[in-house]
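K.L.:
Structure supplied as protein.cif; contents: mmCIF, C-alpha atoms.
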data_coords
#
loop_
_atom_site.label_atom_id
_atom_site.label_comp_id
_atom_site.auth_asym_id
_atom_site.auth_seq_id
_atom_site.Cartn_x
_atom_site.Cartn_y
_atom_site.Cartn_z
CA MET A 1 10.66 -11.73 23.66
CA ALA A 2 11.40 -9.75 20.47
CA ARG A 3 11.25 -5.96 20.39
CA LEU A 4 9.60 -4.71 17.20
CA LEU A 5 10.03 -1.36 15.45
CA ILE A 6 7.26 -0.54 12.95
CA VAL A 7 8.38 1.72 10.08
CA ASP A 8 5.63 2.93 7.75
CA ASP A 9 4.41 6.34 6.62
CA SER A 10 0.82 5.14 6.92
CA ASN A 11 -0.71 5.65 10.34
CA VAL A 12 -3.39 3.09 9.43
CA ILE A 13 -0.73 0.42 8.84
CA ARG A 14 1.29 1.32 11.97
CA SER A 15 -1.84 1.11 14.11
CA ARG A 16 -2.92 -2.13 12.50
CA ILE A 17 0.41 -3.87 13.18
CA GLU A 18 0.32 -2.53 16.72
CA ARG A 19 -3.17 -3.99 17.22
CA ILE A 20 -2.08 -7.37 15.84
CA TYR A 21 0.58 -7.62 18.58
CA GLU A 22 -1.45 -6.08 21.37
CA GLY A 23 -1.07 -8.30 24.43
CA ASP A 24 1.36 -10.64 22.65
CA SER A 25 3.98 -12.11 24.95
CA ASN A 26 6.46 -12.95 22.18
CA VAL A 27 6.57 -9.62 20.36
CA ILE A 28 6.34 -6.21 21.99
CA ILE A 29 6.12 -2.92 20.11
CA ALA A 30 9.32 -1.05 20.94
CA GLY A 31 8.55 1.90 18.71
CA LYS A 32 6.99 3.34 15.57
CA ALA A 33 8.49 5.52 12.86
CA SER A 34 6.86 7.27 9.90
CA ASN A 35 9.99 7.67 7.77
CA GLY A 36 13.53 6.39 7.44
CA HIS A 37 15.13 9.18 9.47
CA GLU A 38 12.93 8.53 12.49
CA ALA A 39 13.68 4.81 12.19
CA VAL A 40 17.46 5.29 12.08
CA GLU A 41 17.27 7.63 15.07
CA PHE A 42 15.30 5.02 16.99
CA VAL A 43 17.68 2.20 16.06
CA ASN A 44 20.65 4.29 17.20
CA THR A 45 19.31 4.54 20.72
CA GLU A 46 16.98 1.59 21.22
CA ARG A 47 18.29 -1.33 19.12
CA PRO A 48 15.09 -3.26 18.33
CA ASP A 49 15.39 -6.95 17.49
CA ILE A 50 13.08 -6.91 14.49
CA VAL A 51 11.75 -4.24 12.12
CA THR A 52 8.82 -4.09 9.70
CA MET A 53 9.89 -1.74 6.92
CA ASP A 54 7.78 0.04 4.32
CA LEU A 55 9.67 1.05 1.16
CA THR A 56 7.88 4.11 -0.22
CA MET A 57 8.24 6.79 2.43
CA PRO A 58 9.00 10.53 2.47
CA GLU A 59 12.37 11.96 3.51
CA MET A 60 14.23 8.65 3.59
CA ASP A 61 12.84 5.63 1.77
CA GLY A 62 12.96 2.03 2.94
CA ILE A 63 15.95 0.92 0.87
CA ALA A 64 18.14 3.76 2.20
CA CYS A 65 16.88 3.07 5.70
CA ILE A 66 17.73 -0.65 5.51
CA THR A 67 21.26 0.29 4.40
CA GLU A 68 21.69 2.66 7.35
CA ILE A 69 20.27 0.25 9.90
CA MET A 70 22.56 -2.52 8.67
CA ALA A 71 25.54 -0.17 9.08
CA ILE A 72 24.52 0.46 12.70
CA ASP A 73 23.76 -3.13 13.68
CA ASP A 74 23.53 -5.95 11.16
CA SER A 75 22.00 -8.34 13.69
CA ILE A 76 18.67 -6.46 13.44
CA LYS A 77 16.22 -8.51 11.39
CA ILE A 78 14.20 -6.55 8.85
CA LEU A 79 10.97 -7.64 7.18
CA VAL A 80 9.99 -5.46 4.23
CA VAL A 81 6.23 -4.87 4.16
CA SER A 82 5.39 -3.11 0.92
CA ALA A 83 2.90 -2.82 -1.93
CA LEU A 84 5.83 -2.82 -4.36
CA SER A 85 5.72 -6.49 -5.21
CA ASP A 86 7.95 -6.67 -8.27
CA LYS A 87 10.95 -8.99 -8.22
CA ALA A 88 13.54 -6.25 -8.75
CA THR A 89 12.40 -4.34 -5.67
CA GLY A 90 12.46 -7.51 -3.57
CA ILE A 91 15.98 -8.39 -4.70
CA GLN A 92 17.18 -4.85 -4.02
CA ALA A 93 15.78 -4.90 -0.48
CA LEU A 94 17.26 -8.32 0.27
CA SER A 95 20.64 -7.31 -1.14
CA LYS A 96 20.73 -4.36 1.26
CA GLY A 97 20.18 -6.61 4.26
CA ALA A 98 16.44 -7.26 4.65
CA ARG A 99 15.65 -10.85 5.63
CA GLY A 100 12.12 -11.18 4.28
CA PHE A 101 9.45 -9.59 2.12
CA LEU A 102 5.71 -9.42 2.76
CA CYS A 103 3.44 -7.88 0.15
CA LYS A 104 0.71 -5.45 1.09
CA PRO A 105 -2.11 -6.04 1.54
CA PHE A 106 -1.58 -8.69 4.19
CA THR A 107 -3.76 -10.56 6.63
CA ASP A 108 -3.02 -10.74 10.37
CA VAL A 109 -2.05 -14.41 9.94
CA GLU A 110 0.34 -13.60 7.08
CA LEU A 111 2.11 -10.91 9.09
CA ARG A 112 2.40 -13.11 12.17
CA GLY A 113 3.76 -15.97 10.05
CA ALA A 114 6.32 -13.77 8.30
CA LEU A 115 7.54 -12.18 11.53
CA GLU A 116 7.74 -15.54 13.31
CA LYS A 117 9.86 -16.89 10.47
CA LEU A 118 12.03 -13.77 10.58
CA ASN A 119 12.45 -13.99 14.33
CA MET A 120 13.53 -17.61 14.11
CA SER A 121 16.05 -16.93 11.36
CA LYS A 122 19.71 -16.94 12.30
CA THR A 123 21.47 -13.71 13.05
CA ARG A 124 24.04 -12.65 10.45
CA GLY A 125 27.35 -14.35 11.16
CA ASP A 126 25.74 -17.30 12.99
CA LYS A 127 26.85 -20.68 11.72
CA MET B 1 -7.47 0.09 -24.18
CA ASN B 2 -8.00 -3.64 -23.89
CA GLU B 3 -9.80 -5.54 -21.19
CA GLU B 4 -6.68 -7.27 -19.87
CA PHE B 5 -5.01 -3.93 -19.35
CA VAL B 6 -7.92 -2.56 -17.34
CA ASN B 7 -8.12 -5.81 -15.39
CA VAL B 8 -4.64 -5.32 -13.94
CA PHE B 9 -5.92 -2.27 -12.06
CA VAL B 10 -9.17 -3.96 -11.08
CA GLU B 11 -7.17 -6.93 -9.73
CA GLY B 12 -5.06 -4.56 -7.63
CA MET B 13 -8.20 -3.07 -6.15
CA MET B 14 -9.79 -6.46 -5.48
CA ARG B 15 -6.53 -7.74 -4.03
CA TYR B 16 -6.71 -5.03 -1.41
CA LEU B 17 -10.34 -5.65 -0.54
CA GLY B 18 -9.89 -9.43 -0.61
CA HIS B 19 -7.48 -9.26 2.32
CA LEU B 20 -9.94 -7.57 4.62
CA PRO B 21 -12.12 -9.60 6.95
CA ASP B 22 -15.82 -9.75 6.01
CA VAL B 23 -15.34 -7.75 2.82
CA SER B 24 -16.63 -9.49 -0.25
CA ALA B 25 -16.74 -6.90 -3.00
CA VAL B 26 -18.11 -7.35 -6.51
CA VAL B 27 -16.85 -5.73 -9.69
CA GLY B 28 -19.69 -4.01 -11.55
CA THR B 29 -20.13 -3.34 -15.23
CA PRO B 30 -17.64 -0.79 -16.57
CA TYR B 31 -18.98 2.21 -18.44
CA LEU B 32 -17.46 4.95 -20.54
CA MET B 33 -17.02 8.19 -18.69
CA ASP B 34 -17.15 11.78 -19.89
CA THR B 35 -13.53 12.95 -19.63
CA ASP B 36 -14.56 16.60 -19.39
CA ASP B 37 -16.51 15.99 -16.24
CA PRO B 38 -14.80 13.20 -14.30
CA VAL B 39 -16.94 11.51 -11.67
CA HIS B 40 -15.54 11.63 -8.16
CA TYR B 41 -16.57 11.08 -4.55
CA ASP B 42 -15.20 12.49 -1.28
CA ILE B 43 -11.67 11.11 -1.36
CA THR B 44 -9.58 10.16 -4.38
CA GLY B 45 -6.24 8.39 -4.80
CA ILE B 46 -4.64 9.14 -8.18
CA ILE B 47 -1.84 7.24 -9.90
CA GLY B 48 -0.10 8.82 -12.90
CA ILE B 49 1.09 6.56 -15.69
CA SER B 50 3.73 7.28 -18.30
CA GLY B 51 5.94 5.31 -20.65
CA GLU B 52 4.38 3.03 -23.24
CA ARG B 53 0.97 4.49 -22.42
CA LYS B 54 0.12 7.73 -20.72
CA GLY B 55 -2.76 8.71 -18.53
CA CYS B 56 -3.99 8.13 -15.04
CA VAL B 57 -5.90 5.72 -12.87
CA TYR B 58 -7.82 6.83 -9.84
CA PHE B 59 -9.85 5.30 -7.07
CA THR B 60 -12.56 7.52 -5.66
CA ALA B 61 -14.77 6.69 -2.70
CA PRO B 62 -17.26 8.25 -0.31
CA ARG B 63 -16.05 8.85 3.27
CA VAL B 64 -18.60 6.42 4.66
CA PHE B 65 -17.17 3.56 2.57
CA LEU B 66 -13.60 4.27 3.75
CA SER B 67 -14.79 4.59 7.36
CA HIS B 68 -16.47 1.22 7.13
CA LEU B 69 -13.32 -0.36 5.66
CA LEU B 70 -11.23 1.07 8.50
CA ALA B 71 -13.70 -0.26 11.05
CA THR B 72 -13.48 -3.77 9.59
CA GLN B 73 -9.75 -3.63 10.37
CA GLY B 74 -10.44 -2.76 13.99
CA GLU B 75 -9.48 0.90 13.59
CA THR B 76 -11.41 3.22 15.87
CA ASP B 77 -9.86 6.47 14.66
CA LEU B 78 -12.03 7.35 11.67
CA SER B 79 -10.59 10.83 11.22
CA ASP B 80 -10.12 12.36 7.78
CA ASP B 81 -6.37 11.87 8.13
CA ASN B 82 -6.87 8.13 8.45
CA LEU B 83 -9.41 8.05 5.61
CA LEU B 84 -6.90 9.80 3.32
CA ASP B 85 -4.23 7.44 4.57
CA LEU B 86 -6.37 4.40 3.77
CA SER B 87 -7.15 5.73 0.32
CA GLY B 88 -3.39 6.09 -0.23
CA GLU B 89 -2.82 2.49 0.83
CA ILE B 90 -5.47 1.29 -1.64
CA ALA B 91 -3.93 3.38 -4.44
CA ASN B 92 -0.48 2.05 -3.48
CA THR B 93 -1.71 -1.51 -3.81
CA ILE B 94 -3.23 -0.78 -7.22
CA ALA B 95 0.04 0.88 -8.32
CA GLY B 96 2.18 -1.93 -6.91
CA ASN B 97 0.11 -4.53 -8.74
CA ALA B 98 0.45 -2.59 -11.99
CA ARG B 99 4.24 -2.18 -11.58
CA SER B 100 4.58 -5.88 -11.03
CA ASP B 101 2.46 -6.75 -14.09
CA PHE B 102 3.59 -4.13 -16.59
CA GLY B 103 7.30 -4.13 -15.87
CA LYS B 104 9.76 -1.52 -17.06
CA ASN B 105 7.75 -0.20 -20.01
CA PHE B 106 5.47 1.70 -17.70
CA GLN B 107 6.27 4.25 -15.04
CA ILE B 108 3.71 4.30 -12.28
CA SER B 109 3.80 7.34 -10.00
CA VAL B 110 3.57 7.42 -6.23
CA PRO B 111 -0.16 7.94 -5.55
CA LEU B 112 -1.51 11.38 -4.81
CA VAL B 113 -4.44 11.44 -2.40
CA VAL B 114 -6.84 14.34 -2.33
CA GLU B 115 -10.28 15.26 -1.08
CA GLY B 116 -12.64 15.23 -4.05
CA LEU B 117 -10.73 15.72 -7.26
CA PRO B 118 -8.16 18.50 -7.68
CA THR B 119 -9.60 21.57 -9.37
CA GLY B 120 -8.66 21.76 -12.99
CA VAL B 121 -7.79 18.10 -13.38
CA HIS B 122 -8.52 16.96 -16.90
CA LEU B 123 -8.34 13.41 -18.02
CA PRO B 124 -6.13 12.87 -21.08
CA ALA B 125 -7.85 14.32 -24.15
CA GLY B 126 -9.05 11.92 -26.78
CA VAL B 127 -8.87 8.82 -24.60
CA ARG B 128 -11.62 6.49 -23.61
CA SER B 129 -12.01 6.57 -19.86
CA PHE B 130 -13.60 3.62 -18.14
CA ALA B 131 -15.32 3.84 -14.78
CA ILE B 132 -15.53 0.52 -12.98
CA PRO B 133 -17.96 0.39 -10.05
CA ILE B 134 -16.89 -1.77 -7.11
CA SER B 135 -19.83 -2.82 -4.95
CA TRP B 136 -19.67 -3.75 -1.30
CA ARG B 137 -22.74 -3.54 0.92
CA ASN B 138 -24.51 -0.32 -0.07
CA TYR B 139 -21.38 1.41 -1.30
CA THR B 140 -20.19 1.77 -4.88
CA PRO B 141 -16.80 3.46 -5.07
CA LEU B 142 -15.26 3.82 -8.51
CA LEU B 143 -12.04 2.84 -10.15
CA VAL B 144 -11.38 5.03 -13.20
CA VAL B 145 -8.86 4.06 -15.88
CA ALA B 146 -8.03 6.79 -18.40
CA LEU B 147 -5.17 5.82 -20.68
CA GLU B 148 -4.09 6.47 -24.23
CA GLN B 149 -4.78 3.76 -26.74
CA LYS B 150 -1.77 1.74 -27.81
CA ASN B 151 -0.71 2.65 -31.36
#
So that I can check it, write out the structure of this file as structure tokens.

P.N.:
Amino acid sequence: MARLLIVDDSNVIRSRIERIYEGDSNVIIAGKASNGHEAVEFVNTERPDIVTMDLTMPEMDGIACITEIMAIDDSIKILVVSALSDKATGIQALSKGARGFLCKPFTDVELRGALEKLNMSKTRGDK
Amino acid sequence: MNEEFVNVFVEGMMRYLGHLPDVSAVVGTPYLMDTDDPVHYDITGIIGISGERKGCVYFTAPRVFLSHLLATQGETDLSDDNLLDLSGEIANTIAGNARSDFGKNFQISVPLVVEGLPTGVHLPAGVRSFAIPISWRNYTPLLVVALEQKN
């Protein structure tokens, strides 16, 4: 079972992702954060397995947050979920340690597929 | 302002709606809008544009339309906070689509979401502003594109 942290400044998106995994036996919602600071604080104490990460957020944006999370524990798998769909943003997020990128808007099936793929990916350092 | 340019914003809007279950929206016929008296509904998401062209793009919708969209996603909290939030997500998608299409020659701002239209907002002087109605069920929110002509 994977423990998921949802990071997004939109309450609508956080609730939607939570609903998608309601009653799911493979993914449980470990926590929700509305900005990068809250996410880093959560990761420091709770160590989720996987994270969905928005990029445009107040206080600390997604790119800075990915960098901080990777410094705490680089085995945490991060899926960027953002409306910023240009190639440069994607490359920047991946170079900081994110493992995948899903463009908003997304369907339930697309999110499930992307998170399943992320969850099955090897942890950093695995051969 | 050419049709292709306007279409980038319309595509962003339709991309958002196209991902929702049971939402099959139709793009209506664009019309020129009076820039001194911009049309707006209850909630508006505004994106500022600078760089090669300057101006703004906004999406304005009645509360009832946004409530219905939230409900189609299974959301039961139809509070104003969530309606503003949804409007921001739509504007973000429109902005993201434009960033991806236009590249570095355009700077697209983070969307600003407000109730109505901020007092004193004036569309860029001397530009042709297009209002594009988007129809879904009995609702017709508007996408407004107000940008300088390319020299």

K.L.:
Near Ile49 of chain B, within 7 Å and counting all atoms listed in the file, which residues show up once chain neighbours fewer than 5 positions away are dropped, as a list in words?

P.N.:
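So, after excluding close chain neighbours, the residues are Lys54, Gly55, Cys56, Phe106, Gln107, Ile108 and Ser109 of chain B.
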
K.L.:
Export, as a PDB file, keeping the file's coordinate frame, the selected residues with C-alpha atoms.

P.N.:
ATOM      1  CA  LYS B  54       0.120   7.730 -20.720  1.00  0.00           C
ATOM      2  CA  GLY B  55      -2.760   8.710 -18.530  1.00  0.00           C
ATOM      3  CA  CYS B  56      -3.990   8.130 -15.040  1.00  0.00           C
ATOM      4  CA  PHE B 106       5.470   1.700 -17.700  1.00  0.00           C
ATOM      5  CA  GLN B 107       6.270   4.250 -15.040  1.00  0.00           C
ATOM      6  CA  ILE B 108       3.710   4.300 -12.280  1.00  0.00           C
ATOM      7  CA  SER B 109       3.800   7.340 -10.000  1.00  0.00           C
TER       8      SER B 109
END

K.L.:
Skip Arg99 of chain B itself and residues of its chain fewer than 6 positions away, then list as a list in words all residues within 12 Å of it, counting all atoms listed in the file.

P.N.:
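Here the qualifying residues turn out to be Ala83, Leu84, Ser85, Asp86, Lys87, Ala88 and Thr89 of chain A; Val8, Phe9, Gly12, Ile47, Gly48, Ile49, Ser50, Gly51, Asn92, Thr93, Asn105, Phe106, Gln107, Ile108, Ser109 and Val110 of chain B.
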
K.L.:
Between B:Gly96, B:Pro133, B:Gly18, B:Gly103, which residue has the minimum interatomic distance to chain A, considering only C-alpha atoms?

P.N.:
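That would be B:Gly96, the residue with the smallest distance to chain A.
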
K.L.:
Taking into account only C-alpha atoms, which residue in the set B:Leu142, B:Trp136, B:Ser100, B:Ser129 is nearest to chain A?

P.N.:
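Going through B:Leu142, B:Trp136, B:Ser100, B:Ser129 one by one, the smallest distance to chain A is for B:Ser100.
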
K.L.:
Each residue of chain A with at least one atom at most 9 Å from chain B should appear once, together with its nearest atom pair and the corresponding distance in Å (one decimal); atoms considered: all atoms listed in the file; ordering: chain, then increasing residue number; output as a Markdown table.

P.N.:
| residue | atom | partner | partner_atom | distance |
| --- | --- | --- | --- | --- |
| A:Asp9 | CA | B:Asp85 | CA | 8.9 |
| A:Ser10 | CA | B:Asp85 | CA | 6.0 |
| A:Asn11 | CA | B:Asn82 | CA | 6.9 |
| A:Val12 | CA | B:Asn82 | CA | 6.2 |
| A:Ile13 | CA | B:Glu89 | CA | 8.5 |
| A:Ser15 | CA | B:Glu75 | CA | 7.7 |
| A:Arg16 | CA | B:Glu75 | CA | 7.3 |
| A:Arg19 | CA | B:Gly74 | CA | 8.0 |
| A:Thr56 | CA | B:Val110 | CA | 8.1 |
| A:Ser82 | CA | B:Gly96 | CA | 8.5 |
| A:Ala83 | CA | B:Gly96 | CA | 5.1 |
| A:Leu84 | CA | B:Gly96 | CA | 4.5 |
| A:Ser85 | CA | B:Ser100 | CA | 6.0 |
| A:Asp86 | CA | B:Ser100 | CA | 4.4 |
| A:Lys87 | CA | B:Ser100 | CA | 7.6 |
| A:Lys104 | CA | B:Thr93 | CA | 6.7 |
| A:Pro105 | CA | B:Tyr16 | CA | 5.6 |
| A:Phe106 | CA | B:His19 | CA | 6.2 |
| A:Thr107 | CA | B:His19 | CA | 5.8 |

K.L.:
Fewer than 6 positions away in the same chain doesn't count, so skip those; otherwise give me all residues within 9 Å of Arg137 of chain B, counting all atoms listed in the file, as a ChimeraX atom specification.

P.N.:
/B:23-25

K.L.:
Between atom CA of Glu59 of chain A and atom CA of Arg14 of chain A, what is the distance in Å, rounded to a tenth?

P.N.:
17.5 Å

K.L.:
With all atoms listed in the file as the atoms that count, which of A:Cys65, A:Cys103, A:Val109, A:Met53 lies nearest to Gly36 of chain A?

P.N.:
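Among the listed residues, the smallest separation from Gly36 of chain A belongs to A:Cys65.
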
K.L.:
Please, which residues are within 12 Å of (15.7, 9.9, 13.9) by the file's coordinates, counting only C-alpha atoms, and could they come as a list in words?

P.N.:
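Using only C-alpha atoms, the matching residues come out as Val7, Gly31, Lys32, Ala33, Ser34, Asn35, Gly36, His37, Glu38, Ala39, Val40, Glu41, Phe42, Val43, Asn44, Thr45, Glu46, Glu59, Met60, Cys65, Glu68 and Ile69 of chain A.
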
K.L.:
For the residues selected in the previous step, produce a file with C-alpha atoms as a tab-separated table (two decimals), in the coordinates of the input.

P.N.:
chain	number	residue	atom	x	y	z
A	7	VAL	CA	8.38	1.72	10.08
A	31	GLY	CA	8.55	1.90	18.71
A	32	LYS	CA	6.99	3.34	15.57
A	33	ALA	CA	8.49	5.52	12.86
A	34	SER	CA	6.86	7.27	9.90
A	35	ASN	CA	9.99	7.67	7.77
A	36	GLY	CA	13.53	6.39	7.44
A	37	HIS	CA	15.13	9.18	9.47
A	38	GLU	CA	12.93	8.53	12.49
A	39	ALA	CA	13.68	4.81	12.19
A	40	VAL	CA	17.46	5.29	12.08
A	41	GLU	CA	17.27	7.63	15.07
A	42	PHE	CA	15.30	5.02	16.99
A	43	VAL	CA	17.68	2.20	16.06
A	44	ASN	CA	20.65	4.29	17.20
A	45	THR	CA	19.31	4.54	20.72
A	46	GLU	CA	16.98	1.59	21.22
A	59	GLU	CA	12.37	11.96	3.51
A	60	MET	CA	14.23	8.65	3.59
A	65	CYS	CA	16.88	3.07	5.70
A	68	GLU	CA	21.69	2.66	7.35
A	69	ILE	CA	20.27	0.25	9.90

K.L.:
Let me know the residues the PyMOL selection byres ((chain B and resi 134) around 12) catches in the file above, as an NGL selection string.

P.N.:
:B and (10-11 or 13-14 or 17 or 23-30 or 59-61 or 65 or 131-133 or 135-144)

K.L.:
For segment 80-97 of chain B, take all atoms listed in the file, fit an axis-aligned box around them, add 3 Å to each of the six sides, then output centre and edge lengths in Å rounded to one decimal, as AutoDock Vina command-line options.

P.N.:
--center_x -4.0 --center_y 3.9 --center_z -0.1 --size_x 18.3 --size_y 22.9 --size_z 23.2

K.L.:
Using all atoms listed in the file, find the one residue out of A:Leu115, A:Ile72, A:Leu55, A:Ile20 that sits nearest to Gly90 of chain A.

P.N.:
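Answer, going by the shortest atom-to-atom distance: A:Leu55.
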